[in-house]
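What's in target.txt: compact mmCIF, C-alpha atoms
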# COMPACT_ATOMS: atom_id res chain seq x y z
CA MET A 1 128.86 19.72 78.05
CA ARG A 2 130.74 22.37 79.94
CA ILE A 3 128.15 24.96 78.91
CA ARG A 4 125.33 22.69 80.03
CA ILE A 5 126.91 22.34 83.47
CA LEU A 6 127.36 26.08 83.64
CA VAL A 7 123.71 26.71 82.75
CA LEU A 8 122.53 24.10 85.25
CA SER A 9 124.60 25.50 88.09
CA THR A 10 123.46 29.04 87.28
CA LEU A 11 119.84 27.91 87.37
CA LEU A 12 120.40 26.16 90.68
CA ALA A 13 122.05 29.24 92.14
CA LEU A 14 119.19 31.44 90.96
CA SER A 15 116.46 29.20 92.30
CA GLY A 16 118.35 29.00 95.60
CA ALA A 17 118.40 32.78 95.88
CA ALA A 18 114.72 33.12 94.98
CA SER A 19 113.47 30.69 97.62
CA ALA A 20 115.55 32.11 100.44
CA LEU A 21 112.74 32.47 102.97
CA THR A 22 109.28 30.98 103.45
CA PRO A 23 106.45 32.02 105.77
CA ASP A 24 107.27 28.86 107.78
CA ASP A 25 110.83 30.13 108.29
CA VAL A 26 109.50 33.45 109.54
CA LYS A 27 107.15 31.66 111.91
CA SER A 28 109.94 29.39 113.22
CA ALA A 29 112.13 32.39 113.95
CA LEU A 30 109.28 34.00 115.87
CA ALA A 31 108.71 30.74 117.77
CA ALA A 32 112.39 30.69 118.77
CA GLU A 33 112.04 34.24 119.98
CA VAL A 34 109.05 33.39 122.18
CA LYS A 35 110.72 30.22 123.50
CA ALA A 36 113.71 32.24 124.63
CA THR A 37 111.55 33.95 127.26
CA ASP A 38 108.89 31.24 127.75
CA PRO A 39 110.34 27.71 127.70
CA ALA A 40 106.85 26.21 128.08
CA PHE A 41 105.73 27.73 124.75
CA LYS A 42 104.33 25.12 122.35
CA ASP A 43 102.88 26.73 119.24
CA PHE A 44 101.16 29.80 117.88
CA SER A 45 97.39 29.99 117.64
CA ALA A 46 95.68 30.87 114.37
CA GLN A 47 92.53 31.46 116.40
CA ARG A 48 94.21 34.10 118.57
CA GLY A 49 95.70 35.64 115.43
CA ASN A 50 92.25 35.77 113.85
CA VAL A 51 90.88 37.67 116.85
CA PHE A 52 93.85 40.06 116.89
CA PHE A 53 93.54 40.71 113.15
CA HIS A 54 89.92 41.78 113.30
CA ALA A 55 89.94 43.68 116.59
CA ARG A 56 90.94 47.24 117.31
CA HIS A 57 93.70 47.78 119.81
CA GLY A 58 93.25 51.27 121.10
CA GLY A 59 93.59 53.02 117.76
CA GLU A 60 91.13 53.83 115.03
CA TRP A 61 92.17 51.01 112.75
CA SER A 62 92.35 47.24 112.90
CA CYS A 63 94.49 45.13 110.57
CA ALA A 64 91.28 44.42 108.67
CA THR A 65 90.66 48.13 108.04
CA CYS A 66 93.17 48.08 105.18
CA HIS A 67 93.74 44.34 104.62
CA THR A 68 89.96 43.62 104.57
CA GLU A 69 88.02 41.16 106.70
CA LEU A 70 89.32 38.36 104.50
CA PRO A 71 93.09 38.78 104.07
CA ALA A 72 93.07 36.58 100.97
CA ALA A 73 91.39 39.47 99.17
CA SER A 74 92.99 42.65 97.89
CA GLY A 75 92.81 45.50 100.36
CA GLN A 76 92.92 49.24 100.12
CA HIS A 77 94.68 51.91 102.17
CA THR A 78 91.93 53.51 104.19
CA VAL A 79 93.10 57.08 103.58
CA THR A 80 94.71 57.09 100.15
CA LYS A 81 92.65 54.24 98.63
CA LYS A 82 95.80 52.76 97.14
CA PRO A 83 95.22 49.04 96.43
CA ILE A 84 97.04 46.59 98.70
CA ARG A 85 97.75 43.10 97.42
CA PRO A 86 96.43 40.17 99.50
CA LEU A 87 98.24 39.53 102.78
CA ALA A 88 97.61 35.78 103.05
CA PRO A 89 100.53 33.80 101.58
CA ALA A 90 98.09 31.42 99.87
CA ALA A 91 96.78 34.35 97.82
CA ASN A 92 100.07 36.21 97.37
CA ALA A 93 103.24 34.12 97.26
CA GLU A 94 105.45 37.16 97.91
CA ARG A 95 104.20 37.63 101.46
CA PHE A 96 106.52 36.71 104.33
CA THR A 97 109.44 35.80 102.09
CA ASN A 98 111.66 38.75 102.97
CA GLN A 99 112.64 39.26 106.60
CA ASP A 100 113.44 42.97 106.16
CA LYS A 101 110.00 43.63 104.73
CA VAL A 102 108.35 41.56 107.45
CA ASP A 103 110.16 43.54 110.14
CA LYS A 104 109.47 46.88 108.48
CA TRP A 105 105.74 46.33 108.11
CA PHE A 106 105.18 44.77 111.53
CA LYS A 107 106.92 47.80 113.03
CA ARG A 108 104.89 50.31 111.02
CA ASN A 109 101.52 48.61 111.19
CA CYS A 110 101.66 47.59 114.86
CA ASN A 111 102.35 51.23 115.68
CA ASP A 112 99.40 52.25 113.50
CA VAL A 113 96.95 49.71 114.92
CA ALA A 114 98.14 49.01 118.48
CA LYS A 115 100.13 52.21 119.12
CA ARG A 116 103.02 50.01 120.24
CA ALA A 117 105.29 47.26 118.96
CA CYS A 118 103.69 43.81 118.70
CA THR A 119 105.15 40.98 120.75
CA ALA A 120 106.74 38.01 119.02
CA ARG A 121 103.78 35.92 120.18
CA GLU A 122 101.28 38.32 118.61
CA LYS A 123 103.21 38.34 115.35
CA GLY A 124 103.41 34.54 115.35
CA ASP A 125 99.69 34.19 116.05
CA LEU A 126 98.93 36.63 113.24
CA LEU A 127 101.16 34.74 110.83
CA ALA A 128 99.61 31.41 111.86
CA TYR A 129 96.19 32.91 111.12
CA LEU A 130 97.27 34.36 107.77
CA MET A 131 98.83 31.05 106.77
CA SER A 132 95.54 29.30 107.59
CA VAL A 133 93.51 31.56 105.27
CA LYS A 134 92.72 30.00 101.92
CA PRO A 135 91.70 32.05 98.89
CA MET B 1 104.93 74.18 72.55
CA LYS B 2 105.31 76.59 75.42
CA THR B 3 106.15 73.65 77.66
CA PHE B 4 108.80 72.43 75.30
CA ILE B 5 110.49 75.79 75.11
CA ARG B 6 110.25 76.17 78.87
CA SER B 7 111.92 72.84 79.43
CA ILE B 8 114.76 73.81 77.15
CA SER B 9 115.24 77.06 79.00
CA ARG B 10 115.28 75.14 82.29
CA GLY B 11 118.28 73.27 81.00
CA LEU B 12 116.33 70.17 80.05
CA PRO B 13 115.23 68.36 83.14
CA ARG B 14 114.14 64.95 84.12
CA GLY B 15 112.16 61.92 83.35
CA SER B 16 110.32 61.70 80.11
CA ASP B 17 111.56 65.14 79.11
CA VAL B 18 114.98 63.66 78.60
CA GLY B 19 113.57 60.83 76.51
CA VAL B 20 111.73 63.24 74.27
CA SER B 21 114.66 65.50 73.72
CA LYS B 22 116.79 62.50 72.86
CA GLY B 23 114.25 61.41 70.27
CA ALA B 24 114.11 64.86 68.80
CA SER B 25 117.85 65.24 68.49
CA THR B 26 118.17 61.82 66.87
CA LEU B 27 115.65 62.77 64.25
CA TRP B 28 117.39 66.06 63.70
CA SER B 29 120.85 64.60 63.23
CA ARG B 30 119.53 61.79 61.07
CA ALA B 31 117.84 64.27 58.76
CA GLY B 32 121.06 66.26 58.65
CA SER B 33 123.14 63.32 57.52
CA ILE B 34 120.70 62.26 54.83
CA ALA B 35 120.47 65.74 53.49
CA ARG B 36 124.15 66.64 53.56
CA PRO B 37 125.04 67.91 50.04
CA ARG B 38 127.84 66.15 48.20
CA SER B 39 129.04 69.28 46.47
CA PRO B 40 128.91 72.74 48.01
CA PHE B 41 128.02 74.19 44.57
CA ASN B 42 124.99 72.00 43.94
CA LEU B 43 122.15 74.40 44.64
CA GLU B 44 119.45 71.80 44.08
CA SER B 45 120.76 69.48 46.77
CA LEU B 46 121.32 72.41 49.10
CA ARG B 47 117.67 73.36 48.70
CA THR B 48 116.58 69.78 49.27
CA ALA B 49 118.76 69.65 52.35
CA ALA B 50 117.27 72.85 53.72
CA LEU B 51 113.76 71.63 53.01
CA MET B 52 114.33 68.25 54.63
CA THR B 53 116.04 69.76 57.63
CA GLY B 54 113.23 72.26 58.05
CA THR B 55 110.59 69.54 57.77
CA ALA B 56 112.48 67.39 60.24
CA LEU B 57 112.75 70.28 62.68
CA VAL B 58 109.04 71.04 62.51
CA ALA B 59 108.20 67.34 62.84
CA ALA B 60 110.54 66.99 65.78
CA LEU B 61 108.97 69.94 67.55
CA PHE B 62 105.47 68.60 66.96
CA MET B 63 106.48 65.20 68.25
CA ALA B 64 108.01 66.81 71.29
CA GLU B 65 104.83 68.78 71.87
CA ALA B 66 102.63 65.69 71.55
CA ALA B 67 104.80 63.62 73.87
CA HIS B 68 105.05 66.42 76.40
CA ALA B 69 101.31 66.98 76.55
CA ASP B 70 101.22 69.59 79.26
CA GLY B 71 104.55 68.70 80.82
CA LYS B 72 103.05 66.77 83.70
CA ARG B 73 104.81 63.47 83.36
CA PHE B 74 107.28 62.35 85.96
CA GLY B 75 109.53 59.46 86.84
CA PRO B 76 110.85 56.92 86.43
CA TYR B 77 111.95 56.64 90.04
CA PRO B 78 114.63 54.50 91.70
CA ASP B 79 113.40 51.34 93.45
CA VAL B 80 114.06 52.77 96.90
CA TYR B 81 111.56 55.55 96.23
CA THR B 82 108.79 53.35 94.85
CA GLN B 83 109.28 50.70 97.54
CA GLU B 84 109.34 53.08 100.49
CA CYS B 85 107.13 55.91 99.27
CA ALA B 86 104.65 54.31 96.93
CA SER B 87 103.30 51.37 98.96
CA CYS B 88 100.55 53.34 100.68
CA HIS B 89 100.06 56.12 98.14
CA VAL B 90 101.16 56.84 94.58
CA ALA B 91 104.74 58.02 94.20
CA TYR B 92 104.30 61.75 94.64
CA PRO B 93 106.58 63.51 92.13
CA PRO B 94 109.63 64.93 93.97
CA GLU B 95 109.55 67.83 91.50
CA LEU B 96 106.46 69.19 93.24
CA MET B 97 108.00 70.23 96.55
CA THR B 98 111.17 71.92 97.69
CA LYS B 99 114.15 70.15 99.22
CA LYS B 100 113.30 71.69 102.60
CA GLY B 101 109.77 70.34 102.39
CA TRP B 102 111.00 66.82 101.59
CA ALA B 103 113.52 67.01 104.44
CA THR B 104 110.63 67.70 106.80
CA ILE B 105 108.79 64.67 105.42
CA THR B 106 111.72 62.25 105.71
CA SER B 107 112.63 63.44 109.20
CA THR B 108 109.10 62.74 110.51
CA LEU B 109 108.33 59.42 108.80
CA ASP B 110 107.61 57.72 112.15
CA LYS B 111 104.59 60.07 112.43
CA HIS B 112 103.62 60.40 108.80
CA PHE B 113 100.15 61.95 108.65
CA GLY B 114 98.69 59.49 111.13
CA THR B 115 100.77 56.44 110.26
CA ASP B 116 104.21 55.06 111.01
CA ALA B 117 106.15 55.07 107.75
CA SER B 118 109.58 54.85 109.34
CA VAL B 119 112.62 53.66 107.39
CA ASP B 120 116.12 52.74 108.54
CA ALA B 121 118.95 55.28 108.44
CA LYS B 122 120.51 53.94 105.25
CA THR B 123 117.20 54.03 103.39
CA ARG B 124 116.50 57.52 104.64
CA ALA B 125 119.86 58.76 103.37
CA ALA B 126 119.10 57.27 99.95
CA LEU B 127 115.66 58.89 99.90
CA ASP B 128 117.06 62.25 100.99
CA GLY B 129 119.66 62.17 98.24
CA PHE B 130 117.13 61.29 95.58
CA LEU B 131 114.52 63.82 96.70
CA ALA B 132 117.08 66.62 96.93
CA SER B 133 118.28 65.87 93.41
CA ARG B 134 114.80 66.32 91.95
CA ALA B 135 113.20 68.80 94.33
CA ALA B 136 111.51 72.00 93.20
CA THR B 137 113.33 75.28 93.63
CA ARG B 138 110.42 77.70 93.33
CA GLU B 139 108.87 79.36 96.33
CA ARG B 140 105.37 78.28 95.27
CA ASN B 141 106.44 74.66 95.85
CA ALA B 142 107.58 75.39 99.40
CA PRO B 143 105.54 73.95 102.29
CA SER B 144 103.00 76.33 103.82
CA GLU B 145 102.58 74.58 107.17
CA PRO B 146 104.84 72.67 109.61
CA SER B 147 103.98 69.13 108.47
CA ALA B 148 104.97 69.98 104.87
CA ARG B 149 101.94 68.58 103.13
CA LEU B 150 102.58 68.69 99.41
CA THR B 151 98.87 69.34 99.00
CA ARG B 152 99.11 72.61 100.92
CA THR B 153 101.81 74.27 98.85
CA ALA B 154 100.81 77.44 97.01
CA TRP B 155 101.36 75.62 93.74
CA PHE B 156 99.01 72.77 94.71
CA ALA B 157 96.30 75.16 95.87
CA SER B 158 96.49 77.18 92.66
CA GLU B 159 96.08 73.98 90.62
CA HIS B 160 93.49 72.20 92.77
CA GLY B 161 91.82 74.70 95.09
CA SER B 162 91.47 73.91 98.77
CA THR B 163 88.72 71.25 98.79
CA PRO B 164 89.04 67.83 97.16
CA PRO B 165 86.09 66.53 95.09
CA ALA B 166 83.42 64.80 97.18
CA LYS B 167 84.44 61.47 98.73
CA THR B 168 88.03 61.80 97.61
CA SER B 169 91.16 62.96 99.35
CA PHE B 170 93.98 65.07 97.98
CA ALA B 171 96.25 62.20 99.06
CA ASN B 172 94.56 60.02 96.44
CA CYS B 173 95.90 61.52 93.21
CA ALA B 174 94.57 58.58 91.21
CA ALA B 175 90.97 59.45 92.13
CA CYS B 176 91.06 62.08 89.36
CA HIS B 177 94.45 61.64 87.68
CA THR B 178 93.59 58.28 86.18
CA GLN B 179 97.16 57.71 84.96
CA ALA B 180 98.82 58.72 88.24
CA GLU B 181 100.10 55.17 88.80
CA LYS B 182 102.10 55.70 85.61
CA ASN B 183 103.35 59.05 86.91
CA ASP B 184 101.31 60.81 84.23
CA TYR B 185 99.35 63.82 85.46
CA SER B 186 98.57 65.35 82.07
CA GLU B 187 95.20 67.01 81.50
CA ARG B 188 93.95 64.31 79.16
CA GLY B 189 94.11 61.74 81.96
CA ILE B 190 91.99 63.75 84.39
CA LYS B 191 88.54 62.45 85.17
CA VAL B 192 86.93 63.98 88.24
CA PRO B 193 84.46 61.56 89.86
CA THR B 194 80.92 62.94 89.86
CA LYS B 195 79.69 61.10 92.94
Do you think you could lay out the structure here as structure tokens?
Amino acid sequence: MRIRILVLSTLLALSGAASALTPDDVKSALAAEVKATDPAFKDFSAQRGNVFFHARHGGEWSCATCHTELPAASGQHTVTKKPIRPLAPAANAERFTNQDKVDKWFKRNCNDVAKRACTAREKGDLLAYLMSVKP
Amino acid sequence: MKTFIRSISRGLPRGSDVGVSKGASTLWSRAGSIARPRSPFNLESLRTAALMTGTALVAALFMAEAAHADGKRFGPYPDVYTQECASCHVAYPPELMTKKGWATITSTLDKHFGTDASVDAKTRAALDGFLASRAATRERNAPSEPSARLTRTAWFASEHGSTPPAKTSFANCAACHTQAEKNDYSERGIKVPTK
């Protein structure tokens, strides 16, 4: 009995660690960030995110250049041709479940595409769009 | 065989080399223990021992040769290297450029050949330590221009020339080295695209 309890509690602990963060959590944190400067803010717009994703922002590349026009599909780095797994959470459950990775890639890729950091609202809109994409 | 001897003279390096040498020495010592004569005066068993040991040695060397191919296998790498340096391109073998060249790369990651590949300070320290521990020491692996492109070292040019095959890029090792994702750059895995 004692062993069974031990196994059960270990399993619970493990599953707790694995599901630490969801894309919804990431989006909520971004919403809180926007609200801090704009109290009238209601919600992110998947439509605005869609436009941002496919447009160029002063640089040579858009998000879609590497992540493809349909972010539920596998992409490819435009220079090295290295495959990139789908960006939409519905097609790749790993996406937006690790805040460090989210921060790292927004920083890198916004600099690549927009030549500047993205605002919290832009990130939230993008995430809302990506979460709306179905495979 | 040349590769095998060279790796011994280098003081047995990294990656799969170590695995191979371990395998070889296990075989060698195993053969030795089987063949150990019970009596020092028994000529027959001494001869058998010598024969078995010799056979084992030859077999071990052949196995080493086969596993080595042309000595162009690398890795495995620590997670920090694959996560930070193999998301956008294959994990370029640290053995192919000097420590100074890698230091140039890691100190300019925010402007990394047209992209922002920046990492935090802790990650950079880990990468620097790892790269320095495996970096090349020969002059031909030193960078030849300020951005320290691995593909512009004298070694790279002597192996690949100065122009990549049509519609490929030198940054895309896997275009020709079909096993590059497995850190295997041996000749048998090379398939140059025709179009």
Q.
Using all atoms listed in the file and a distance of at most 7 Å, pull out the residues of chain B that contact chain A, as a PyMOL selection string.
A. chain B and resi 88-89+115-118+169+171-172
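Put simply, atom CA of A:Pro89 is 29.0 Å away from atom CA of B:Tyr92.
The closest residue to B:Val119, picked from A:His67, A:Lys101, A:Lys27, A:Lys42 and counting only C-alpha atoms, is A:Lys101.
Within 10 Å of the point (101.8, 33.1, 113.8) in file coordinates, and counting all atoms listed in the file, lie the residues Pro23, Asp24, Val26, Lys27, Ser28, Leu30, Ala31, Asp43, Phe44, Ser45, Ala46, Gln47, Arg48, Gly49, Asn50, Ala120, Arg121, Glu122, Lys123, Gly124, Asp125, Leu126, Leu127, Ala128, Tyr129, Leu130, Met131 and Ser132 of chain A.
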